[in-house]
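K.L.:
So that you have it, the file is final-v4.cif, and it contains mmCIF, C-alpha atoms and all ligand atoms:
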data_coords
#
loop_
_atom_site.label_atom_id
_atom_site.label_comp_id
_atom_site.auth_asym_id
_atom_site.auth_seq_id
_atom_site.Cartn_x
_atom_site.Cartn_y
_atom_site.Cartn_z
CA MET A 83 0.00 0.00 0.00
CA LYS A 84 1.82 3.07 -1.24
CA GLY A 85 1.41 6.63 -0.07
CA LEU A 86 1.32 8.34 3.31
CA TRP A 87 -0.46 6.40 6.05
CA TYR A 88 -1.12 7.90 9.47
CA THR A 89 -1.28 5.30 12.25
CA GLU A 90 -2.60 5.92 15.75
CA HIS A 91 -1.18 3.32 18.10
CA GLN A 92 -3.94 3.18 20.65
CA GLU A 93 -3.32 2.55 24.37
CA ALA A 94 -4.91 -0.91 24.19
CA GLY A 95 -2.37 -2.29 21.70
CA VAL A 96 -4.69 -1.72 18.75
CA ALA A 97 -3.96 0.63 15.85
CA ILE A 98 -5.97 2.51 13.26
CA SER A 99 -4.45 3.75 10.00
CA LEU A 100 -5.79 6.36 7.62
CA LYS A 101 -4.34 7.08 4.20
CA ALA A 102 -3.46 10.74 3.84
CA LYS A 103 -2.66 13.04 0.95
CA THR A 104 -0.37 15.22 3.01
CA LYS A 105 0.59 16.46 6.44
CA LEU A 106 -0.42 20.11 6.63
CA HIS A 107 1.09 21.05 9.97
CA GLU A 108 3.02 19.78 12.97
CA GLU A 109 4.29 21.53 16.07
CA ARG A 110 5.34 20.85 19.60
CA THR A 111 3.15 23.16 21.65
CA ASP A 112 3.79 23.99 25.32
CA PHE A 113 1.51 21.06 26.23
CA GLN A 114 1.47 18.44 23.46
CA PHE A 115 2.49 17.38 19.94
CA LEU A 116 -0.05 18.70 17.44
CA GLU A 117 -0.49 17.42 13.88
CA VAL A 118 -2.94 18.21 11.08
CA LEU A 119 -3.25 15.79 8.14
CA ASP A 120 -5.41 15.74 5.06
CA THR A 121 -6.74 12.17 4.88
CA ASP A 122 -8.28 10.61 1.78
CA THR A 123 -11.54 9.39 3.34
CA PHE A 124 -12.06 11.42 6.52
CA GLY A 125 -10.77 14.77 5.27
CA ARG A 126 -8.70 17.00 7.53
CA MET A 127 -7.76 15.42 10.85
CA LEU A 128 -6.44 16.89 14.11
CA VAL A 129 -4.09 14.70 16.15
CA LEU A 130 -2.74 15.46 19.65
CA ASP A 131 0.08 13.37 21.12
CA GLY A 132 -0.62 10.68 18.53
CA ALA A 133 -4.35 10.43 19.36
CA ILE A 134 -6.93 11.32 16.71
CA GLN A 135 -9.11 14.14 18.08
CA THR A 136 -11.39 14.95 15.21
CA THR A 137 -11.86 14.55 11.47
CA MET A 138 -14.00 16.54 9.09
CA LYS A 139 -16.07 13.48 8.17
CA ASP A 140 -17.13 12.28 11.62
CA GLU A 141 -16.69 15.31 13.92
CA PHE A 142 -20.42 16.05 13.92
CA VAL A 143 -21.22 12.87 15.82
CA TYR A 144 -19.01 13.71 18.79
CA HIS A 145 -19.74 17.43 18.88
CA GLU A 146 -23.51 17.06 18.66
CA MET A 147 -23.60 14.23 21.18
CA ILE A 148 -21.34 15.81 23.80
CA SER A 149 -23.40 19.03 23.68
CA LEU A 150 -27.02 18.45 22.79
CA VAL A 151 -28.00 15.72 25.24
CA ALA A 152 -27.34 18.06 28.19
CA LEU A 153 -28.56 21.22 26.43
CA ASN A 154 -31.88 19.61 25.57
CA THR A 155 -32.30 17.99 28.98
CA HIS A 156 -31.98 21.34 30.78
CA PRO A 157 -35.13 23.48 30.31
CA HIS A 158 -33.17 26.76 30.14
CA PRO A 159 -29.44 26.21 29.47
CA GLU A 160 -28.41 29.88 29.40
CA ASN A 161 -24.86 29.85 30.72
CA VAL A 162 -22.68 27.02 29.38
CA LEU A 163 -19.00 26.15 29.94
CA VAL A 164 -16.75 23.90 27.87
CA VAL A 165 -13.49 22.76 29.45
CA GLY A 166 -11.01 21.75 26.71
CA GLY A 167 -12.48 21.42 23.23
CA GLY A 168 -10.21 24.10 21.81
CA ASP A 169 -11.13 23.04 18.26
CA GLY A 170 -14.49 24.75 18.92
CA GLY A 171 -16.76 21.93 17.73
CA ALA A 172 -18.78 21.68 20.95
CA ILE A 173 -19.00 25.48 21.17
CA ARG A 174 -20.39 25.56 17.61
CA GLU A 175 -23.29 23.29 18.67
CA ILE A 176 -23.85 25.30 21.87
CA ALA A 177 -23.85 28.67 20.07
CA LYS A 178 -26.57 27.36 17.70
CA HIS A 179 -28.88 26.49 20.59
CA PRO A 180 -31.78 28.95 20.99
CA HIS A 181 -31.71 29.06 24.84
CA VAL A 182 -28.00 29.74 25.24
CA LYS A 183 -27.10 33.31 26.16
CA LYS A 184 -23.44 32.83 27.00
CA ALA A 185 -20.89 30.09 26.24
CA THR A 186 -17.39 30.07 27.69
CA LEU A 187 -14.53 27.94 26.38
CA VAL A 188 -11.62 27.31 28.74
CA GLU A 189 -8.74 25.71 26.83
CA ILE A 190 -5.26 25.26 28.26
CA ASP A 191 -3.42 25.12 24.91
CA PRO A 192 -3.80 28.16 22.62
CA ALA A 193 -2.08 26.26 19.80
CA VAL A 194 -5.15 24.00 19.47
CA ILE A 195 -7.41 27.05 19.03
CA ASP A 196 -5.02 28.59 16.47
CA ALA A 197 -4.68 25.36 14.46
CA SER A 198 -8.44 24.86 14.41
CA LYS A 199 -9.04 28.43 13.23
CA LYS A 200 -6.53 27.92 10.43
CA TYR A 201 -7.24 24.35 9.29
CA PHE A 202 -10.80 23.62 10.49
CA PRO A 203 -12.91 26.74 9.86
CA GLU A 204 -16.09 24.62 9.69
CA ILE A 205 -15.42 23.33 13.22
CA SER A 206 -13.99 26.48 14.82
CA CYS A 207 -16.61 28.87 13.40
CA GLY A 208 -18.55 28.89 16.70
CA LEU A 209 -15.57 30.54 18.42
CA ASN A 210 -16.39 33.79 16.59
CA ASP A 211 -20.00 33.89 17.79
CA PRO A 212 -20.74 37.03 19.89
CA LYS A 213 -22.17 34.81 22.70
CA VAL A 214 -18.84 33.00 23.02
CA GLU A 215 -15.95 33.93 25.29
CA VAL A 216 -12.64 32.10 24.82
CA LYS A 217 -10.28 31.87 27.80
CA VAL A 218 -6.80 30.39 27.56
CA GLU A 219 -6.57 29.03 31.06
CA ASP A 220 -6.24 25.80 33.07
CA GLY A 221 -9.73 24.27 33.31
CA ILE A 222 -8.99 22.90 36.79
CA LYS A 223 -8.21 26.41 38.03
CA HIS A 224 -11.29 27.87 36.32
CA ILE A 225 -13.55 25.26 37.91
CA ALA A 226 -12.00 25.82 41.36
CA GLU A 227 -12.79 29.54 41.04
CA SER A 228 -16.40 29.14 39.80
CA LYS A 229 -19.27 28.60 42.25
CA GLY A 230 -22.95 28.07 41.39
CA LYS A 231 -22.44 29.73 38.04
CA TYR A 232 -23.21 27.43 35.11
CA ASP A 233 -26.32 25.63 33.86
CA VAL A 234 -24.30 23.12 31.83
CA ILE A 235 -20.61 22.16 31.94
CA LEU A 236 -19.01 19.93 29.29
CA VAL A 237 -15.55 18.44 29.60
CA ASP A 238 -14.27 17.86 26.07
CA SER A 239 -10.88 16.46 26.97
CA THR A 240 -8.20 14.35 25.36
CA ASP A 241 -7.55 10.83 26.69
CA PRO A 242 -6.66 10.62 30.40
CA ALA A 243 -2.93 11.16 29.81
CA GLY A 244 -0.69 14.23 29.71
CA PRO A 245 -2.51 17.53 30.27
CA ALA A 246 -5.93 15.83 30.71
CA VAL A 247 -5.17 13.49 33.66
CA GLY A 248 -6.65 15.89 36.23
CA LEU A 249 -9.88 16.14 34.22
CA PHE A 250 -10.80 12.54 35.14
CA GLU A 251 -10.45 12.90 38.92
CA HIS A 252 -13.01 12.81 41.73
CA GLY A 253 -11.91 16.18 43.13
CA PHE A 254 -12.39 17.85 39.75
CA TYR A 255 -15.89 16.38 39.43
CA GLN A 256 -16.77 17.67 42.90
CA GLY A 257 -15.53 21.11 41.76
CA ILE A 258 -17.79 20.86 38.72
CA PHE A 259 -20.76 20.02 40.95
CA ASP A 260 -20.02 23.17 42.95
CA ALA A 261 -19.52 25.29 39.80
CA LEU A 262 -23.01 24.32 38.56
CA LYS A 263 -26.25 26.00 39.59
CA GLU A 264 -28.65 23.99 41.78
CA ASP A 265 -30.21 22.33 38.71
CA GLY A 266 -27.05 22.08 36.60
CA ILE A 267 -25.89 19.27 34.30
CA PHE A 268 -22.39 17.92 33.61
CA VAL A 269 -21.21 15.80 30.66
CA ALA A 270 -17.73 14.36 30.12
CA GLN A 271 -16.36 12.32 27.25
CA THR A 272 -15.40 9.00 28.81
CA GLU A 273 -13.65 6.87 26.17
CA SER A 274 -14.48 3.40 24.83
CA PRO A 275 -16.45 0.70 26.69
CA PHE A 276 -14.51 -1.91 24.69
CA LEU A 277 -11.04 -0.67 25.62
CA THR A 278 -11.15 1.44 28.79
CA GLU A 279 -13.47 -0.53 31.06
CA ASN A 280 -11.72 0.43 34.29
CA LEU A 281 -11.78 4.12 33.49
CA ILE A 282 -15.50 4.04 32.72
CA ARG A 283 -16.20 2.05 35.88
CA GLY A 284 -14.23 4.47 38.06
CA VAL A 285 -15.66 7.62 36.48
CA PHE A 286 -19.19 6.30 36.78
CA GLN A 287 -18.77 5.53 40.49
CA ASP A 288 -17.42 9.06 41.00
CA PHE A 289 -20.38 10.62 39.17
CA LYS A 290 -22.81 8.45 41.17
CA SER A 291 -21.27 9.50 44.45
CA ILE A 292 -21.59 13.21 43.58
CA PHE A 293 -24.70 13.67 41.40
CA PRO A 294 -28.28 12.55 42.24
CA ILE A 295 -28.64 11.37 38.63
CA ALA A 296 -25.72 9.66 36.79
CA LYS A 297 -26.03 7.94 33.43
CA LEU A 298 -23.89 6.80 30.53
CA TYR A 299 -24.77 7.15 26.87
CA LEU A 300 -23.16 6.02 23.64
CA ALA A 301 -22.40 7.22 20.12
CA TYR A 302 -20.58 5.72 17.15
CA ILE A 303 -17.43 7.52 16.06
CA PRO A 304 -15.44 5.56 13.45
CA THR A 305 -12.03 7.21 13.99
CA TYR A 306 -11.95 6.76 17.80
CA PRO A 307 -10.63 3.61 19.48
CA SER A 308 -13.12 0.75 18.81
CA GLY A 309 -15.61 3.18 17.27
CA MET A 310 -17.96 2.86 20.26
CA TRP A 311 -17.73 5.96 22.43
CA SER A 312 -19.16 6.83 25.82
CA PHE A 313 -20.24 10.03 27.51
CA THR A 314 -21.10 10.22 31.20
CA ILE A 315 -23.76 12.66 32.38
CA GLY A 316 -24.29 13.89 35.92
CA SER A 317 -27.41 15.90 36.69
CA LYS A 318 -28.61 17.61 39.85
CA LYS A 319 -32.30 17.63 38.94
CA TYR A 320 -33.33 16.74 35.39
CA ASP A 321 -33.29 13.14 34.12
CA PRO A 322 -31.87 13.11 30.58
CA GLU A 323 -34.02 10.09 29.69
CA ALA A 324 -37.24 11.80 30.84
CA VAL A 325 -36.86 14.66 28.36
CA ASP A 326 -40.01 15.80 26.56
CA THR A 327 -38.86 15.16 22.99
CA ALA A 328 -41.60 17.42 21.57
CA LYS A 329 -39.79 20.39 23.17
CA ILE A 330 -36.39 19.69 21.58
CA PRO A 331 -35.49 22.53 19.19
CA ASP A 332 -34.22 21.70 15.71
CA THR A 333 -30.64 22.97 15.55
CA ASN A 334 -29.83 21.56 12.14
CA THR A 335 -28.04 18.39 13.25
CA ARG A 336 -26.73 15.40 11.31
CA TYR A 337 -26.57 12.67 14.00
CA TYR A 338 -28.60 13.84 16.98
CA THR A 339 -32.39 13.55 16.83
CA PRO A 340 -34.96 13.41 19.65
CA GLN A 341 -35.10 9.64 19.07
CA ILE A 342 -31.29 9.34 19.27
CA HIS A 343 -31.38 11.36 22.52
CA LYS A 344 -33.43 8.58 24.10
CA ALA A 345 -31.85 5.66 22.25
CA ALA A 346 -28.31 6.67 23.25
CA PHE A 347 -29.13 5.58 26.82
CA ALA A 348 -30.07 2.04 25.73
CA LEU A 349 -26.91 0.18 26.76
CA PRO A 350 -25.66 -3.23 25.64
CA LEU A 351 -25.47 -5.66 28.57
CA PHE A 352 -21.67 -5.67 28.68
CA VAL A 353 -21.76 -1.88 29.12
CA GLN A 354 -24.45 -2.07 31.81
CA ASP A 355 -22.17 -4.51 33.63
CA LEU A 356 -19.46 -1.82 33.86
CA LEU A 357 -21.72 0.52 35.81
N1 LIG B 401 -11.69 14.64 22.45
C1 LIG B 401 -11.73 13.20 22.69
C2 LIG B 401 -10.80 12.46 21.80
C3 LIG B 401 -10.40 11.15 22.33
C4 LIG B 401 -9.91 10.28 21.23
N2 LIG B 401 -8.96 9.31 21.67
C5 LIG B 401 -8.10 8.70 20.84
N3 LIG B 401 -8.13 8.91 19.57
N4 LIG B 401 -7.23 7.87 21.37
C6 LIG B 401 -12.03 15.07 21.16
C7 LIG B 401 -11.95 16.55 20.99
C8 LIG B 401 -12.87 17.01 19.94
N5 LIG B 401 -13.40 18.30 20.22
#
Mind turning this structure into structure tokens?

P.N.:
Amino acid sequence: MKGLWYTEHQEAGVAISLKAKTKLHEERTDFQFLEVLDTDTFGRMLVLDGAIQTTMKDEFVYHEMISLVALNTHPHPENVLVVGGGDGGAIREIAKHPHVKKATLVEIDPAVIDASKKYFPEISCGLNDPKVEVKVEDGIKHIAESKGKYDVILVDSTDPAGPAVGLFEHGFYQGIFDALKEDGIFVAQTESPFLTENLIRGVFQDFKSIFPIAKLYLAYIPTYPSGMWSFTIGSKKYDPEAVDTAKIPDTNTRYYTPQIHKAAFALPLFVQDLL
């Protein structure tokens, strides 16, 4: 097989390779190694420390699913925070939502924001929305300094390695609980049920010990390890499965629908057994 192939060697001793036309950019930032490639089938692709973060072809799945389940569960999600997610994909979905008045992005690595603005304008476009404030800051510090402030908080992190380790810890989740209003909702991306069972188990126990309502939901993202991806949601008041689907606004999605909102919580038995 000739040509340029990009291979992600995943933690679990599995690899995924994508054929690419060219590498558009690489740099060692203050926090991680950042690469942008132009792949044949998935289009432009952002890679951090060797882990595929997003591709033009499948980014909508992740960005809609990390954002819209919480936004449509909360009856009035006006003030929303994203920790990480410097590519701006989650912010794009949040900025489109009719109830949102203010969205804040707290990203530790400004190089991710800059690369996304340059190479992924379709993903980063939300960052220019007048409702959006971008802060280059440590998310852990921002959470520690926020109290009772947000309706919805999303943690759009990299894998639990390098700069993201602290974003998977019990103390951070407790800080998020405190940074939310009394009816707030929290969602974190929580990796693959096929490959990171212990992580999912641990995170779920942490969520359960902090939030009155804790649930896991799934989406299918072909360029992530195993393709089956989990999100964990913690809610102080509203049950994400009890949402009135007739009230869900149409925000011009490509994966998320009111039916998917409910169906995403239907878990295969082996996933239920992790919780
Ligand atoms: N953040 C989660 C990416 C995790 C993928 N892991 C991997 N390829 N090993 C995505 C950021 C998109 N806004």

K.L.:
Would you mind listing the residues within 10 Å of ligand LIG 401 (chain B), counting only C-alpha atoms and all ligand atoms, as an mmCIF file with C-alpha atoms, keeping the file's coordinate frame?

P.N.:
data_model
loop_
_atom_site.group_PDB
_atom_site.id
_atom_site.type_symbol
_atom_site.label_atom_id
_atom_site.label_comp_id
_atom_site.auth_asym_id
_atom_site.auth_seq_id
_atom_site.Cartn_x
_atom_site.Cartn_y
_atom_site.Cartn_z
ATOM 1 C CA GLU A 90 -2.600 5.920 15.750
ATOM 2 C CA HIS A 91 -1.180 3.320 18.100
ATOM 3 C CA GLN A 92 -3.940 3.180 20.650
ATOM 4 C CA GLU A 93 -3.320 2.550 24.370
ATOM 5 C CA ALA A 94 -4.910 -0.910 24.190
ATOM 6 C CA ALA A 97 -3.960 0.630 15.850
ATOM 7 C CA ILE A 98 -5.970 2.510 13.260
ATOM 8 C CA LEU A 128 -6.440 16.890 14.110
ATOM 9 C CA VAL A 129 -4.090 14.700 16.150
ATOM 10 C CA LEU A 130 -2.740 15.460 19.650
ATOM 11 C CA ASP A 131 0.080 13.370 21.120
ATOM 12 C CA GLY A 132 -0.620 10.680 18.530
ATOM 13 C CA ALA A 133 -4.350 10.430 19.360
ATOM 14 C CA ILE A 134 -6.930 11.320 16.710
ATOM 15 C CA GLN A 135 -9.110 14.140 18.080
ATOM 16 C CA THR A 136 -11.390 14.950 15.210
ATOM 17 C CA THR A 137 -11.860 14.550 11.470
ATOM 18 C CA GLU A 141 -16.690 15.310 13.920
ATOM 19 C CA PHE A 142 -20.420 16.050 13.920
ATOM 20 C CA TYR A 144 -19.010 13.710 18.790
ATOM 21 C CA HIS A 145 -19.740 17.430 18.880
ATOM 22 C CA ILE A 148 -21.340 15.810 23.800
ATOM 23 C CA GLY A 166 -11.010 21.750 26.710
ATOM 24 C CA GLY A 167 -12.480 21.420 23.230
ATOM 25 C CA GLY A 168 -10.210 24.100 21.810
ATOM 26 C CA ASP A 169 -11.130 23.040 18.260
ATOM 27 C CA GLY A 170 -14.490 24.750 18.920
ATOM 28 C CA GLY A 171 -16.760 21.930 17.730
ATOM 29 C CA ALA A 172 -18.780 21.680 20.950
ATOM 30 C CA ILE A 173 -19.000 25.480 21.170
ATOM 31 C CA ILE A 205 -15.420 23.330 13.220
ATOM 32 C CA SER A 206 -13.990 26.480 14.820
ATOM 33 C CA VAL A 237 -15.550 18.440 29.600
ATOM 34 C CA ASP A 238 -14.270 17.860 26.070
ATOM 35 C CA SER A 239 -10.880 16.460 26.970
ATOM 36 C CA THR A 240 -8.200 14.350 25.360
ATOM 37 C CA ASP A 241 -7.550 10.830 26.690
ATOM 38 C CA PRO A 242 -6.660 10.620 30.400
ATOM 39 C CA ALA A 270 -17.730 14.360 30.120
ATOM 40 C CA GLN A 271 -16.360 12.320 27.250
ATOM 41 C CA THR A 272 -15.400 9.000 28.810
ATOM 42 C CA GLU A 273 -13.650 6.870 26.170
ATOM 43 C CA SER A 274 -14.480 3.400 24.830
ATOM 44 C CA ILE A 303 -17.430 7.520 16.060
ATOM 45 C CA THR A 305 -12.030 7.210 13.990
ATOM 46 C CA TYR A 306 -11.950 6.760 17.800
ATOM 47 C CA PRO A 307 -10.630 3.610 19.480
ATOM 48 C CA SER A 308 -13.120 0.750 18.810
ATOM 49 C CA GLY A 309 -15.610 3.180 17.270
ATOM 50 C CA TRP A 311 -17.730 5.960 22.430
#

K.L.:
Quick one: of A:Val353, A:Ala301, A:Val247, A:Met147, who's nearest to A:Phe286, counting all atoms listed in the file?

P.N.:
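Of A:Val353, A:Ala301, A:Val247, A:Met147, the one nearest A:Phe286, counting all atoms listed in the file, is A:Val353.
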
K.L.:
I'd like the interatomic distance between atom CA of A:Thr104 and atom CA of A:Thr121, to a tenth of an Å.

P.N.:
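A separation of 7.3 Å between them.
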
K.L.:
With all atoms listed in the file as the counted atoms, please give the residues lying no more than 12 Å from stretch 335-343 of chain A, apart from itself and same-chain residues fewer than 2 positions off, as an MDAnalysis selection string.

P.N.:
chainID A and resid 139:155 174:176 178:179 298:303 321:333 345:348

K.L.:
For A:Lys319, please output as a list in words all residues within 10 Å (counting only C-alpha atoms; exclusion window: fewer than 2 positions along the same chain).

P.N.:
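Counting only the stated atoms, we get Thr155, His156, Glu264, Asp265, Gly266, Ile267, Phe293, Pro294, Ile295, Gly316, Ser317, Asp321 and Pro322 of chain A.
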
K.L.:
So that I have them on file, write out the residues from the current selection with C-alpha atoms, as an mmCIF file, keeping the file's coordinate frame.

P.N.:
data_model
loop_
_atom_site.group_PDB
_atom_site.id
_atom_site.type_symbol
_atom_site.label_atom_id
_atom_site.label_comp_id
_atom_site.auth_asym_id
_atom_site.auth_seq_id
_atom_site.Cartn_x
_atom_site.Cartn_y
_atom_site.Cartn_z
ATOM 1 C CA THR A 155 -32.300 17.990 28.980
ATOM 2 C CA HIS A 156 -31.980 21.340 30.780
ATOM 3 C CA GLU A 264 -28.650 23.990 41.780
ATOM 4 C CA ASP A 265 -30.210 22.330 38.710
ATOM 5 C CA GLY A 266 -27.050 22.080 36.600
ATOM 6 C CA ILE A 267 -25.890 19.270 34.300
ATOM 7 C CA PHE A 293 -24.700 13.670 41.400
ATOM 8 C CA PRO A 294 -28.280 12.550 42.240
ATOM 9 C CA ILE A 295 -28.640 11.370 38.630
ATOM 10 C CA GLY A 316 -24.290 13.890 35.920
ATOM 11 C CA SER A 317 -27.410 15.900 36.690
ATOM 12 C CA ASP A 321 -33.290 13.140 34.120
ATOM 13 C CA PRO A 322 -31.870 13.110 30.580
#

K.L.:
Distance atom CA of A:Asp196-atom CA of A:Ala102, one decimal place?

P.N.:
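Value for the atom CA of A:Asp196-atom CA of A:Ala102 distance: 21.9 Å.
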
K.L.:
Which value, in Å to one decimal, gives the distance between atom CA of A:Lys229 and atom CA of A:Lys263?

P.N.:
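Atom CA of A:Lys229 sits 7.9 Å away from atom CA of A:Lys263.
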
K.L.:
Do you know which residues are at most 8 Å from A:Trp87 counting all atoms listed in the file, after dropping those on the same chain fewer than 2 positions away, and could you put them as a list in words?

P.N.:
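Using all atoms listed in the file, the neighbours found are Gly85, Thr89, Ser99, Leu100, Lys101 and Ala102 of chain A.
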
K.L.:
Just checking: using all atoms listed in the file, which residue out of A:Pro304, A:Thr314, A:His158, A:Ile190 ends up closest to A:Pro245?

P.N.:
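Using all atoms listed in the file, the shortest distance to A:Pro245 belongs to A:Ile190.
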
K.L.:
Hey, what's within 6 Å of A:Ser228 if we count only C-alpha atoms and toss same-chain stuff fewer than 2 positions away? As a list in words, please?

P.N.:
Ile225, Ala226 and Ala261 of chain A

K.L.:
So which residues touch A:Phe352 within 12 Å, counting all atoms listed in the file, skipping near sequence neighbours fewer than 6 positions away, as a list in words?

P.N.:
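The residues satisfying every condition are Pro275, Phe276, Glu279 and Arg283 of chain A.
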
K.L.:
Place a sphere of radius 9 Å on (-20.9, 32.4, 16.8) in the file coordinates and name every protein, DNA or RNA residue with an atom inside or on its surface, counting all atoms listed in the file; give the answer as a PyMOL selection string.

P.N.:
chain A and resi 173-174+177-178+207-214

K.L.:
My list of candidates is A:Met138, A:Val188, A:Ala246, A:Leu262. Which is closest to A:Glu160 when distances are computed with all atoms listed in the file?

P.N.:
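That would be A:Leu262, the residue with the smallest distance to A:Glu160.
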